[in-house]
$ cat run-v1.txt   # compact mmCIF, C-alpha atoms
# COMPACT_ATOMS: atom_id res chain seq x y z
CA MET A 157 -115.66 176.20 86.09
CA SER A 158 -112.72 174.02 87.04
CA LYS A 159 -110.30 174.66 89.87
CA PRO A 160 -106.60 174.35 88.98
CA LYS A 161 -105.12 171.14 90.32
CA ALA A 162 -103.13 171.90 93.44
CA PHE A 163 -100.44 169.23 93.29
CA SER A 164 -100.06 168.56 89.59
CA ASN A 165 -96.84 170.55 89.46
CA ALA A 166 -93.90 169.45 91.61
CA ASN A 167 -92.95 173.11 92.12
CA VAL A 168 -96.22 173.99 93.87
CA SER A 169 -95.95 174.47 97.66
CA LEU A 170 -97.96 172.11 99.83
CA THR A 171 -100.19 173.21 102.70
CA PRO A 172 -98.82 172.35 106.18
CA GLN A 173 -101.52 169.66 106.59
CA ILE A 174 -100.70 167.96 103.27
CA PHE A 175 -96.97 168.24 103.94
CA TYR A 176 -97.23 166.58 107.36
CA ILE A 177 -99.56 163.86 106.03
CA LEU A 178 -97.02 163.07 103.29
CA LEU A 179 -94.27 163.10 105.93
CA SER A 180 -96.20 160.65 108.11
CA LEU A 181 -96.74 158.29 105.16
CA ALA A 182 -93.13 158.53 103.97
CA THR A 183 -91.98 155.72 106.25
CA LYS A 184 -94.95 153.31 106.15
CA ALA A 185 -98.62 152.89 105.28
CA ARG A 186 -100.94 154.18 108.00
CA HIS A 187 -104.69 154.37 108.76
CA GLY A 188 -106.55 157.62 109.54
CA TYR A 189 -106.04 157.82 113.30
CA ASP A 190 -102.41 156.75 112.99
CA ILE A 191 -101.81 159.56 110.45
CA MET A 192 -103.51 162.04 112.79
CA LYS A 193 -101.30 161.10 115.75
CA GLN A 194 -98.15 161.04 113.66
CA VAL A 195 -98.89 164.50 112.20
CA GLU A 196 -99.44 165.90 115.71
CA ASN A 197 -96.19 164.29 116.88
CA ASP A 198 -94.10 165.37 113.89
CA SER A 199 -95.34 168.97 114.04
CA GLN A 200 -94.86 169.08 117.83
CA GLY A 201 -98.55 169.80 118.27
CA ASN A 202 -98.60 172.71 115.81
CA VAL A 203 -100.75 170.89 113.25
CA LYS A 204 -103.80 169.15 114.69
CA LEU A 205 -106.23 167.41 112.37
CA GLY A 206 -109.82 166.47 113.15
CA PRO A 207 -111.47 163.59 111.25
CA GLY A 208 -113.17 166.08 108.86
CA THR A 209 -109.98 167.96 107.96
CA LEU A 210 -108.00 164.74 107.70
CA TYR A 211 -110.37 162.94 105.35
CA GLY A 212 -110.91 166.11 103.30
CA ALA A 213 -107.14 166.22 102.75
CA ILE A 214 -107.03 162.46 102.08
CA LYS A 215 -109.80 162.82 99.50
CA ARG A 216 -107.90 165.54 97.63
CA MET A 217 -104.64 163.58 97.84
CA LEU A 218 -106.37 160.47 96.46
CA GLU A 219 -107.83 162.53 93.60
CA GLU A 220 -104.37 163.91 92.84
CA LYS A 221 -102.93 160.37 93.08
CA LEU A 222 -100.40 161.38 95.74
CA ILE A 223 -101.55 158.46 97.90
CA VAL A 224 -103.44 155.19 97.42
CA ALA A 225 -105.67 153.23 99.76
CA VAL A 226 -104.62 149.70 100.67
CA ASP A 227 -106.87 147.27 102.49
CA SER A 228 -105.58 145.73 105.66
CA ASP A 229 -105.76 141.97 106.22
CA GLU A 230 -106.16 142.30 109.99
CA THR A 231 -108.76 145.05 110.35
CA ARG A 232 -111.48 146.66 108.25
CA ARG A 233 -109.59 149.94 108.31
CA LYS A 234 -108.14 151.38 105.17
CA TYR A 235 -104.44 152.14 105.13
CA TYR A 236 -102.88 154.79 102.91
CA LYS A 237 -99.46 154.85 101.32
CA LEU A 238 -97.52 157.23 99.07
CA THR A 239 -97.53 156.78 95.31
CA GLU A 240 -94.50 157.49 93.13
CA LYS A 241 -96.02 160.89 92.32
CA GLY A 242 -96.54 161.56 96.04
CA LYS A 243 -92.93 160.62 96.78
CA THR A 244 -91.67 162.94 94.00
CA ILE A 245 -93.74 165.91 95.18
CA PHE A 246 -92.79 165.33 98.81
CA SER A 247 -89.14 165.01 97.91
CA SER A 248 -89.12 168.26 95.89
CA GLU A 249 -90.86 170.04 98.78
CA LEU A 250 -88.17 168.76 101.17
CA GLN A 251 -85.47 169.98 98.78
CA ARG A 252 -87.13 173.39 98.68
CA TYR A 253 -87.15 173.53 102.49
CA ASN A 254 -83.56 172.30 102.59
CA GLY A 255 -82.50 175.06 100.16
CA ALA A 256 -84.24 177.70 102.26
CA VAL A 257 -82.68 176.40 105.49
CA THR A 258 -79.17 176.33 103.92
CA LEU A 259 -79.62 179.90 102.71
CA ALA A 260 -80.89 181.05 106.10
CA ARG A 261 -77.85 179.45 107.80
CA LYS A 262 -75.48 181.18 105.37
CA ARG A 263 -77.07 184.53 106.08
CA ASN A 264 -77.09 183.80 109.80
CA LEU A 265 -80.85 184.27 109.99
CA PHE A 266 -81.46 181.64 112.66
CA THR A 267 -82.10 183.19 116.04
CA ASP A 268 -82.91 181.71 119.40
CA PRO A 269 -86.74 181.92 119.79
CA LYS A 270 -86.34 182.82 123.49
CA THR A 271 -84.05 185.79 122.64
CA THR A 272 -86.46 186.96 119.91
CA LYS A 273 -89.42 186.81 122.32
CA ALA A 274 -87.50 188.74 124.96
CA SER A 275 -86.41 191.44 122.49
CA LEU A 276 -89.99 191.79 121.18
CA ALA A 277 -91.27 192.19 124.73
CA HIS A 278 -88.54 194.77 125.43
CA ASP A 279 -89.54 196.81 122.33
CA MET B 237 -126.07 153.90 101.79
CA ILE B 238 -123.84 153.01 104.74
CA ASN B 239 -125.50 151.87 107.94
CA LEU B 240 -123.09 152.13 110.83
CA ILE B 241 -125.57 150.80 113.39
CA GLU B 242 -126.15 147.56 111.45
CA ASP B 243 -122.41 147.28 110.94
CA GLY B 244 -122.04 147.20 114.74
CA MET B 245 -119.86 150.30 114.70
CA VAL B 246 -122.07 152.54 116.79
CA GLU B 247 -121.30 151.69 120.40
CA ASP B 248 -122.65 154.51 122.54
CA GLN B 249 -124.42 157.90 122.55
CA ALA B 250 -121.25 159.76 121.50
CA ASP B 251 -120.96 157.55 118.40
CA ARG B 252 -124.64 158.05 117.67
CA PHE B 253 -124.21 161.83 117.85
CA TYR B 254 -121.17 161.70 115.60
CA GLU B 255 -123.13 159.58 113.14
CA LEU B 256 -125.70 162.40 113.01
CA LEU B 257 -122.91 164.92 112.42
CA LEU B 258 -121.72 162.84 109.47
CA LEU B 259 -125.09 163.56 107.84
CA LEU B 260 -123.86 167.12 107.28
CA TYR B 261 -121.49 165.89 104.57
CA PRO B 262 -122.60 165.29 100.97
CA GLU B 263 -123.89 161.74 100.51
CA THR B 264 -121.10 160.60 98.18
CA TYR B 265 -118.54 161.78 100.73
CA GLN B 266 -120.40 159.98 103.56
CA ASN B 267 -120.44 156.75 101.55
CA ARG B 268 -116.77 157.00 100.75
CA PHE B 269 -115.32 158.08 104.10
CA GLY B 270 -118.13 157.72 106.68
CA VAL B 271 -116.99 154.36 108.08
CA GLU B 272 -113.35 155.41 108.29
CA MET B 273 -114.26 158.71 109.92
CA MET B 274 -116.28 156.82 112.52
CA TYR B 275 -113.29 154.56 113.27
CA THR B 276 -111.07 157.62 113.65
CA PHE B 277 -113.63 159.32 115.89
CA GLN B 278 -113.89 156.20 118.07
CA ASP B 279 -110.11 156.10 118.47
CA MET B 280 -110.09 159.80 119.42
CA ARG B 281 -112.93 159.29 121.90
CA ALA B 282 -111.21 156.27 123.46
CA GLU B 283 -107.98 158.25 123.87
CA GLU B 284 -109.85 161.20 125.41
CA ARG B 285 -111.55 158.85 127.91
CA THR B 286 -108.24 157.23 128.83
CA LYS B 287 -106.56 160.62 129.31
CA HIS B 288 -109.31 162.59 131.07
CA GLY B 289 -111.78 159.92 132.23
CA LYS B 290 -114.59 161.45 130.15
CA VAL B 291 -115.35 163.10 126.82
CA GLY B 292 -115.48 166.80 127.69
CA ILE B 293 -116.70 170.05 126.14
CA GLY B 294 -113.25 170.82 124.70
CA PHE B 295 -113.28 167.55 122.77
CA TRP B 296 -116.79 168.09 121.44
CA SER B 297 -116.23 171.72 120.46
CA GLY B 298 -113.15 170.64 118.49
CA ILE B 299 -115.14 167.91 116.74
CA LEU B 300 -118.06 170.28 116.01
CA ILE B 301 -115.87 173.01 114.52
CA ASP B 302 -113.90 170.49 112.47
CA THR B 303 -117.08 168.84 111.16
CA LEU B 304 -118.89 172.09 110.32
CA LEU B 305 -115.92 173.65 108.52
CA SER B 306 -114.99 170.53 106.58
CA ALA B 307 -118.66 169.77 105.69
CA LEU B 308 -119.04 173.32 104.35
CA HIS B 309 -115.87 172.85 102.31
CA GLU B 310 -117.10 169.53 100.89
CA HIS B 311 -120.47 171.06 99.96
CA GLU B 312 -118.70 173.96 98.27
CA GLU B 313 -116.61 171.48 96.29
CA ALA B 314 -119.66 169.37 95.38
CA LEU B 315 -121.45 172.53 94.21
CA ARG B 316 -118.46 173.53 92.09
CA LYS B 317 -118.11 170.07 90.54
CA GLU B 318 -121.78 169.23 89.96
CA GLY B 319 -123.27 172.66 89.21
CA MET B 320 -126.19 174.24 91.09
CA LYS B 321 -129.07 172.19 89.63
CA LYS B 322 -127.47 168.78 90.08
CA TYR B 323 -126.15 169.76 93.51
CA LEU B 324 -129.61 170.80 94.76
CA GLN B 325 -131.32 167.71 93.34
CA GLN B 326 -128.71 165.03 94.02
CA THR B 327 -126.57 166.19 96.93
CA LEU B 328 -129.17 168.10 98.95
CA LYS B 329 -132.13 166.07 97.59
CA LEU B 330 -134.19 169.25 97.53
CA ASN B 331 -137.81 168.53 96.60
CA ASN B 332 -140.92 170.70 96.14
CA TYR B 333 -141.98 170.26 99.78
CA ASN B 334 -138.59 171.56 100.91
CA LEU B 335 -138.83 174.54 98.56
CA ILE B 336 -142.23 175.57 99.94
CA SER B 337 -140.96 175.14 103.51
CA LEU B 338 -137.86 177.21 102.81
CA VAL B 339 -139.99 180.03 101.38
CA LEU B 340 -142.13 179.93 104.53
CA LEU B 341 -139.08 180.20 106.78
CA LEU B 342 -137.48 183.02 104.79
CA PRO B 343 -139.31 186.02 106.37
CA PHE B 344 -138.25 184.97 109.88
CA LEU B 345 -134.71 184.15 108.79
CA ILE B 346 -134.23 187.44 106.87
CA MET B 347 -135.65 189.60 109.68
CA GLY B 348 -133.65 187.63 112.27
CA CYS B 349 -130.44 188.08 110.26
CA ILE B 350 -130.97 191.87 109.92
CA ASP B 351 -131.68 192.11 113.64
CA PHE B 352 -128.65 189.97 114.55
CA ALA B 353 -126.32 191.85 112.15
CA GLY B 354 -127.45 195.15 113.69
CA ARG B 355 -126.59 193.88 117.16
CA ILE B 356 -123.18 192.61 116.07
CA LEU B 357 -122.39 195.98 114.41
CA GLN B 358 -123.21 197.95 117.56
CA GLY B 359 -121.27 195.42 119.66
CA ASN B 360 -124.10 194.62 122.07
CA LEU B 361 -126.01 191.40 121.48
CA GLY B 362 -128.36 192.01 124.40
CA ARG B 363 -129.93 195.17 122.94
CA TYR B 364 -131.56 195.67 119.56
CA ASN B 365 -129.95 198.12 117.13
CA PRO B 366 -132.28 201.15 116.72
CA ALA B 367 -131.14 201.70 113.11
CA ALA B 368 -131.81 198.06 112.16
CA TYR B 369 -135.11 198.19 114.02
CA SER B 370 -136.21 201.31 112.13
CA VAL B 371 -135.43 199.52 108.83
CA LEU B 372 -137.33 196.42 109.94
CA SER B 373 -140.32 198.41 111.20
CA GLN B 374 -140.82 199.90 107.74
CA THR B 375 -141.23 196.49 106.08
CA PRO B 376 -144.71 195.07 105.47
CA LEU B 377 -143.83 192.14 107.76
CA TYR B 378 -144.07 194.53 110.72
CA TRP B 379 -147.70 195.16 109.99
CA TYR B 380 -149.13 193.91 113.27
CA PRO B 381 -152.02 191.81 112.01
CA ILE B 382 -149.62 189.54 110.11
CA LEU B 383 -146.82 189.39 112.69
CA PHE B 384 -148.08 186.14 114.12
CA THR B 385 -148.45 184.65 110.66
CA TRP B 386 -144.77 184.68 109.77
CA VAL B 387 -143.47 184.30 113.29
CA ILE B 388 -145.61 181.33 114.34
CA LEU B 389 -147.79 180.02 111.53
CA PHE B 390 -145.13 179.99 108.78
CA PRO B 391 -142.46 178.06 110.77
CA LEU B 392 -145.15 175.64 111.98
CA LEU B 393 -146.35 175.04 108.41
CA ALA B 394 -142.74 174.67 107.23
CA VAL B 395 -142.15 171.93 109.81
CA ILE B 396 -145.38 170.12 108.88
CA ILE B 397 -144.72 170.33 105.12
CA SER B 398 -141.15 169.06 105.56
CA LEU B 399 -142.49 166.08 107.49
CA ILE B 400 -144.48 164.95 104.41
CA PRO B 401 -141.53 163.51 102.37
CA LEU B 402 -140.26 161.78 105.52
CA ALA B 403 -143.71 160.26 106.07
CA ILE B 404 -143.84 159.13 102.42
CA ASN B 405 -140.41 157.50 102.73
CA SER B 406 -141.31 155.69 105.93
CA ARG B 407 -144.46 154.34 104.21
CA LYS B 408 -142.51 153.04 101.22
CA SER B 409 -140.02 151.26 103.44
CA SER B 410 -140.56 150.91 107.17
CA TRP B 411 -139.14 153.62 109.45
CA ARG B 412 -135.43 152.96 109.94
CA GLY B 413 -134.47 155.90 112.14
CA ILE B 414 -131.39 157.74 110.91
CA ASP B 415 -131.51 155.95 107.54
CA THR B 416 -134.97 157.38 106.81
CA LEU B 417 -133.79 160.83 107.90
CA LYS B 418 -130.73 160.48 105.66
CA GLN B 419 -132.97 160.20 102.61
CA ASN B 420 -134.19 163.77 103.13
CA PRO B 421 -131.40 165.78 104.76
CA VAL B 422 -132.96 169.12 103.75
CA SER B 423 -136.23 168.12 105.44
CA VAL B 424 -134.31 167.33 108.62
CA ILE B 425 -132.54 170.71 108.51
CA ILE B 426 -135.79 172.60 107.84
CA ILE B 427 -137.60 170.79 110.65
CA THR B 428 -134.74 171.55 113.05
CA VAL B 429 -134.58 175.22 112.04
CA GLY B 430 -138.39 175.55 112.17
CA ILE B 431 -138.53 174.04 115.66
CA LEU B 432 -135.67 176.31 116.82
CA LEU B 433 -137.46 179.40 115.47
CA LEU B 434 -140.69 178.37 117.16
CA ALA B 435 -138.73 177.81 120.38
CA VAL B 436 -137.32 181.34 120.06
CA VAL B 437 -140.87 182.70 119.90
CA ILE B 438 -142.22 180.51 122.69
CA LEU B 439 -139.27 181.21 125.00
CA HIS B 440 -139.21 184.86 123.94
CA ASP B 441 -137.64 186.01 127.21
CA PHE B 442 -134.37 184.58 125.89
CA ALA B 443 -135.05 185.59 122.31
CA PRO B 444 -133.73 188.57 120.34
CA CYS B 445 -135.49 191.85 121.18
CA MET B 446 -136.98 191.85 117.70
CA VAL B 447 -139.09 188.83 118.60
CA ASN B 448 -139.80 190.35 122.02
CA ASN B 449 -141.08 193.52 120.39
CA ILE B 450 -143.14 191.58 117.90
CA MET B 451 -144.66 189.47 120.62
CA LEU B 452 -145.40 192.43 122.88
CA GLN B 453 -146.81 194.57 120.09
CA GLY B 454 -148.59 191.57 118.62
CA PHE B 455 -150.17 190.72 121.96
CA GLY B 456 -151.05 194.39 122.42
CA HIS B 457 -152.75 194.37 119.04
CA PHE B 458 -154.69 191.22 119.84
CA GLN B 459 -155.69 192.60 123.24
CA SER B 460 -157.01 195.75 121.57
CA ILE B 461 -158.96 193.65 119.04
CA ILE B 462 -160.44 191.57 121.87
CA SER B 463 -161.36 194.67 123.89
CA LEU B 464 -162.88 196.24 120.77
CA CYS B 465 -164.93 193.09 120.19
CA ARG B 466 -166.05 193.09 123.84
CA ASN B 467 -167.07 196.75 123.67
CA ALA B 468 -168.96 196.11 120.48
$ encode --input "run-v1.txt" --output "structure tokens"
Amino acid sequence: MSKPKAFSNANVSLTPQIFYILLSLATKARHGYDIMKQVENDSQGNVKLGPGTLYGAIKRMLEEKLIVAVDSDETRRKYYKLTEKGKTIFSSELQRYNGAVTLARKRNLFTDPKTTKASLAHD
Amino acid sequence: MINLIEDGMVEDQADRFYELLLLLYPETYQNRFGVEMMYTFQDMRAEERTKHGKVGIGFWSGILIDTLLSALHEHEEALRKEGMKKYLQQTLKLNNYNLISLVLLLPFLIMGCIDFAGRILQGNLGRYNPAAYSVLSQTPLYWYPILFTWVILFPLLAVIISLIPLAINSRKSSWRGIDTLKQNPVSVIIITVGILLLAVVILHDFAPCMVNNIMLQGFGHFQSIISLCRNA
């Protein structure tokens, strides 16, 4: 029994964790804790990763060749950076988001979260 | 096999506890990511201490949930990749001693699960579910003369039998604490579960009512046997 590969197709959506890890590695190579902090920062605290979740995701991303490990000269920590495949998949995911955001703007779907909350409470 | 203590990575009790938690992952995963996960944990712990002055319950509960869920996921993946037989032999290192011990623990675990499920269904953990209890009381395990066998003797035997492979390992190469335990993770789990079950029986005031009933009825049965013997 073999599970279908999650990231082999550039049109497959990424999980929020994988997306934010790719986002954190898009600018530079980082080690585990650095990725964790960057993900928390970038998602404004909405995505929090523990060591188990983080390295589970890293393992799957390594298997799918979205990232590679690079040894650091200064410390014994391993750093991770995006591969060409990782960059391609991340880029197509960003384009998908961009398309959705453009469409939502055209249809005037963006609302102020405070107004939405207030109207929900009123209902 | 990685040894974080020899590597000088384990600095305090929190690290030591996290090192034990890492044992929950499959061995190949531990070897591949154990050191890095320890570094990440140490960074998290250091940040928590700087922010709050100590490592609190909130921090530990987050770590525990994260570890348990991700370890389960990794085991599920290992099982899927390796197949049941290879997974049991290589990842869990299940041996004949463990199998016997597991069989010995099963009656307690099955009865405990039925009892616990009944309580959850009725929404009151403090009181036994009469329906579940009536099902349990019809099983041969509720035959009073053997109650003590599966409640006390079986878990005790399971613990002793699971200690055998650990003792054999420590004879082959001298006892090296966590490293020796790592060689038989199933033994460690069985011993822990067995001791917990025995603790439930010994501290039966805090235990599920099922065990309370068993103990009370069991004691009642023994008292009647003793009084019968005295009268005879």
$ closest_atom_pairs --input "run-v1.txt" --of "chain A" --to "chain B" --cutoff "12 Å" --atoms "all atoms listed in the file" --output "CSV"
residue,atom,partner,partner_atom,distance
A:Met157,CA,B:Arg316,CA,7.1
A:Ser158,CA,B:Lys317,CA,7.5
A:Lys159,CA,B:Arg316,CA,8.5
A:His187,CA,B:Thr276,CA,8.7
A:Gly188,CA,B:Thr276,CA,6.1
A:Tyr189,CA,B:Thr276,CA,5.0
A:Asp190,CA,B:Thr276,CA,8.7
A:Ile191,CA,B:Thr276,CA,10.0
A:Met192,CA,B:Thr276,CA,8.8
A:Lys193,CA,B:Met280,CA,9.6
A:Lys204,CA,B:Gly298,CA,10.2
A:Leu205,CA,B:Asp302,CA,8.3
A:Gly206,CA,B:Asp302,CA,5.8
A:Pro207,CA,B:Met273,CA,5.8
A:Gly208,CA,B:Thr303,CA,5.3
A:Thr209,CA,B:Ser306,CA,5.8
A:Leu210,CA,B:Met273,CA,9.0
A:Tyr211,CA,B:Phe269,CA,7.0
A:Gly212,CA,B:Ser306,CA,6.9
A:Ala213,CA,B:Ser306,CA,9.7
A:Ile214,CA,B:Phe269,CA,9.6
A:Lys215,CA,B:Phe269,CA,8.6
A:Arg216,CA,B:Glu310,CA,10.5
A:Leu218,CA,B:Arg268,CA,11.8
A:Ala225,CA,B:Phe269,CA,11.6
A:Asp227,CA,B:Glu272,CA,11.9
A:Thr231,CA,B:Tyr275,CA,10.9
A:Arg232,CA,B:Glu272,CA,8.9
A:Arg233,CA,B:Glu272,CA,6.6
A:Lys234,CA,B:Glu272,CA,7.3
A:Tyr235,CA,B:Glu272,CA,10.0
A:Tyr236,CA,B:Glu272,CA,11.8
$ atom_distance --input "run-v1.txt" --atom1 "atom CA of Met217 of chain A" --atom2 "atom CA of Leu170 of chain A"
11.0 Å
$ axis_aligned_box --input "run-v1.txt" --around "segment 180-188 of chain A" --padding-each-side "3 Å" --output "AutoDock Vina command-line options"
--center_x -99.3 --center_y 156.8 --center_z 106.8 --size_x 20.6 --size_y 13.8 --size_z 11.6
$ atom_distance --input "run-v1.txt" --atom1 "atom CA of Thr258 of chain A" --atom2 "atom CA of Thr171 of chain A"
21.3 Å
$ atom_distance --input "run-v1.txt" --atom1 "atom CA of Leu222 of chain A" --atom2 "atom CA of Lys241 of chain A"
5.6 Å
$ closest_residue --input "run-v1.txt" --among "B:Tyr254, B:Trp386, B:Phe295, B:Tyr369" --to "Leu340 of chain B" --atoms "all atoms listed in the file"
B:Trp386
$ closest_residue --input "run-v1.txt" --among "B:Leu315, B:Trp296, B:Leu328, B:Ile404" --to "Phe253 of chain B" --atoms "only C-alpha atoms"
B:Trp296
$ closest_residue --input "run-v1.txt" --among "A:Arg186, A:Asn202, A:Ser247, A:Gln194" --to "Pro172 of chain A" --atoms "all atoms listed in the file"
A:Asn202
$ residues_around --input "run-v1.txt" --residues "Leu259 of chain B" --least-positions-apart "4" --cutoff "9 Å" --atoms "all atoms listed in the file" --output "list in words"
Tyr254, Glu255, Glu263, Gln266, Lys418 and Pro421 of chain B
$ closest_residue --input "run-v1.txt" --among "A:Val257, A:Val195, A:Gln200, A:Ser248" --to "Leu179 of chain A" --atoms "all atoms listed in the file"
A:Val195
$ build_atoms --input "run-v1.txt" --residues "segment 337-354 of chain B" --atoms "N, CA and C atoms" --output "PDB file, in the coordinates of the input"
ATOM      1  N   SER B 337    -141.318 174.922 102.105  1.00  0.00           N
ATOM      2  CA  SER B 337    -140.960 175.140 103.510  1.00  0.00           C
ATOM      3  C   SER B 337    -139.908 176.228 103.646  1.00  0.00           C
ATOM      4  N   LEU B 338    -138.922 176.202 102.751  1.00  0.00           N
ATOM      5  CA  LEU B 338    -137.860 177.210 102.810  1.00  0.00           C
ATOM      6  C   LEU B 338    -138.429 178.612 102.605  1.00  0.00           C
ATOM      7  N   VAL B 339    -139.364 178.724 101.640  1.00  0.00           N
ATOM      8  CA  VAL B 339    -139.990 180.030 101.380  1.00  0.00           C
ATOM      9  C   VAL B 339    -140.733 180.506 102.637  1.00  0.00           C
ATOM     10  N   LEU B 340    -141.383 179.566 103.320  1.00  0.00           N
ATOM     11  CA  LEU B 340    -142.130 179.930 104.530  1.00  0.00           C
ATOM     12  C   LEU B 340    -141.201 180.398 105.658  1.00  0.00           C
ATOM     13  N   LEU B 341    -140.010 179.831 105.702  1.00  0.00           N
ATOM     14  CA  LEU B 341    -139.080 180.200 106.780  1.00  0.00           C
ATOM     15  C   LEU B 341    -138.329 181.503 106.479  1.00  0.00           C
ATOM     16  N   LEU B 342    -138.301 181.869 105.192  1.00  0.00           N
ATOM     17  CA  LEU B 342    -137.480 183.020 104.790  1.00  0.00           C
ATOM     18  C   LEU B 342    -137.762 184.326 105.540  1.00  0.00           C
ATOM     19  N   PRO B 343    -139.073 184.740 105.677  1.00  0.00           N
ATOM     20  CA  PRO B 343    -139.310 186.020 106.370  1.00  0.00           C
ATOM     21  C   PRO B 343    -138.644 186.071 107.746  1.00  0.00           C
ATOM     22  N   PHE B 344    -138.836 185.004 108.533  1.00  0.00           N
ATOM     23  CA  PHE B 344    -138.250 184.970 109.880  1.00  0.00           C
ATOM     24  C   PHE B 344    -136.730 185.021 109.801  1.00  0.00           C
ATOM     25  N   LEU B 345    -136.170 184.222 108.886  1.00  0.00           N
ATOM     26  CA  LEU B 345    -134.710 184.150 108.790  1.00  0.00           C
ATOM     27  C   LEU B 345    -134.121 185.504 108.361  1.00  0.00           C
ATOM     28  N   ILE B 346    -134.759 186.152 107.368  1.00  0.00           N
ATOM     29  CA  ILE B 346    -134.230 187.440 106.870  1.00  0.00           C
ATOM     30  C   ILE B 346    -134.307 188.492 107.980  1.00  0.00           C
ATOM     31  N   MET B 347    -135.485 188.601 108.622  1.00  0.00           N
ATOM     32  CA  MET B 347    -135.650 189.600 109.680  1.00  0.00           C
ATOM     33  C   MET B 347    -134.693 189.306 110.847  1.00  0.00           C
ATOM     34  N   GLY B 348    -134.561 188.018 111.181  1.00  0.00           N
ATOM     35  CA  GLY B 348    -133.650 187.630 112.270  1.00  0.00           C
ATOM     36  C   GLY B 348    -132.219 188.002 111.935  1.00  0.00           C
ATOM     37  N   CYS B 349    -131.823 187.777 110.670  1.00  0.00           N
ATOM     38  CA  CYS B 349    -130.440 188.080 110.260  1.00  0.00           C
ATOM     39  C   CYS B 349    -130.179 189.586 110.330  1.00  0.00           C
ATOM     40  N   ILE B 350    -131.150 190.398 109.877  1.00  0.00           N
ATOM     41  CA  ILE B 350    -130.970 191.870 109.920  1.00  0.00           C
ATOM     42  C   ILE B 350    -130.829 192.311 111.373  1.00  0.00           C
ATOM     43  N   ASP B 351    -131.700 191.765 112.214  1.00  0.00           N
ATOM     44  CA  ASP B 351    -131.680 192.110 113.640  1.00  0.00           C
ATOM     45  C   ASP B 351    -130.327 191.722 114.267  1.00  0.00           C
ATOM     46  N   PHE B 352    -129.899 190.497 113.973  1.00  0.00           N
ATOM     47  CA  PHE B 352    -128.650 189.970 114.550  1.00  0.00           C
ATOM     48  C   PHE B 352    -127.444 190.765 114.050  1.00  0.00           C
ATOM     49  N   ALA B 353    -127.442 191.085 112.727  1.00  0.00           N
ATOM     50  CA  ALA B 353    -126.320 191.850 112.150  1.00  0.00           C
ATOM     51  C   ALA B 353    -126.238 193.223 112.804  1.00  0.00           C
ATOM     52  N   GLY B 354    -127.405 193.845 113.038  1.00  0.00           N
ATOM     53  CA  GLY B 354    -127.450 195.150 113.690  1.00  0.00           C
ATOM     54  C   GLY B 354    -126.824 195.100 115.073  1.00  0.00           C
TER      55      GLY B 354
END
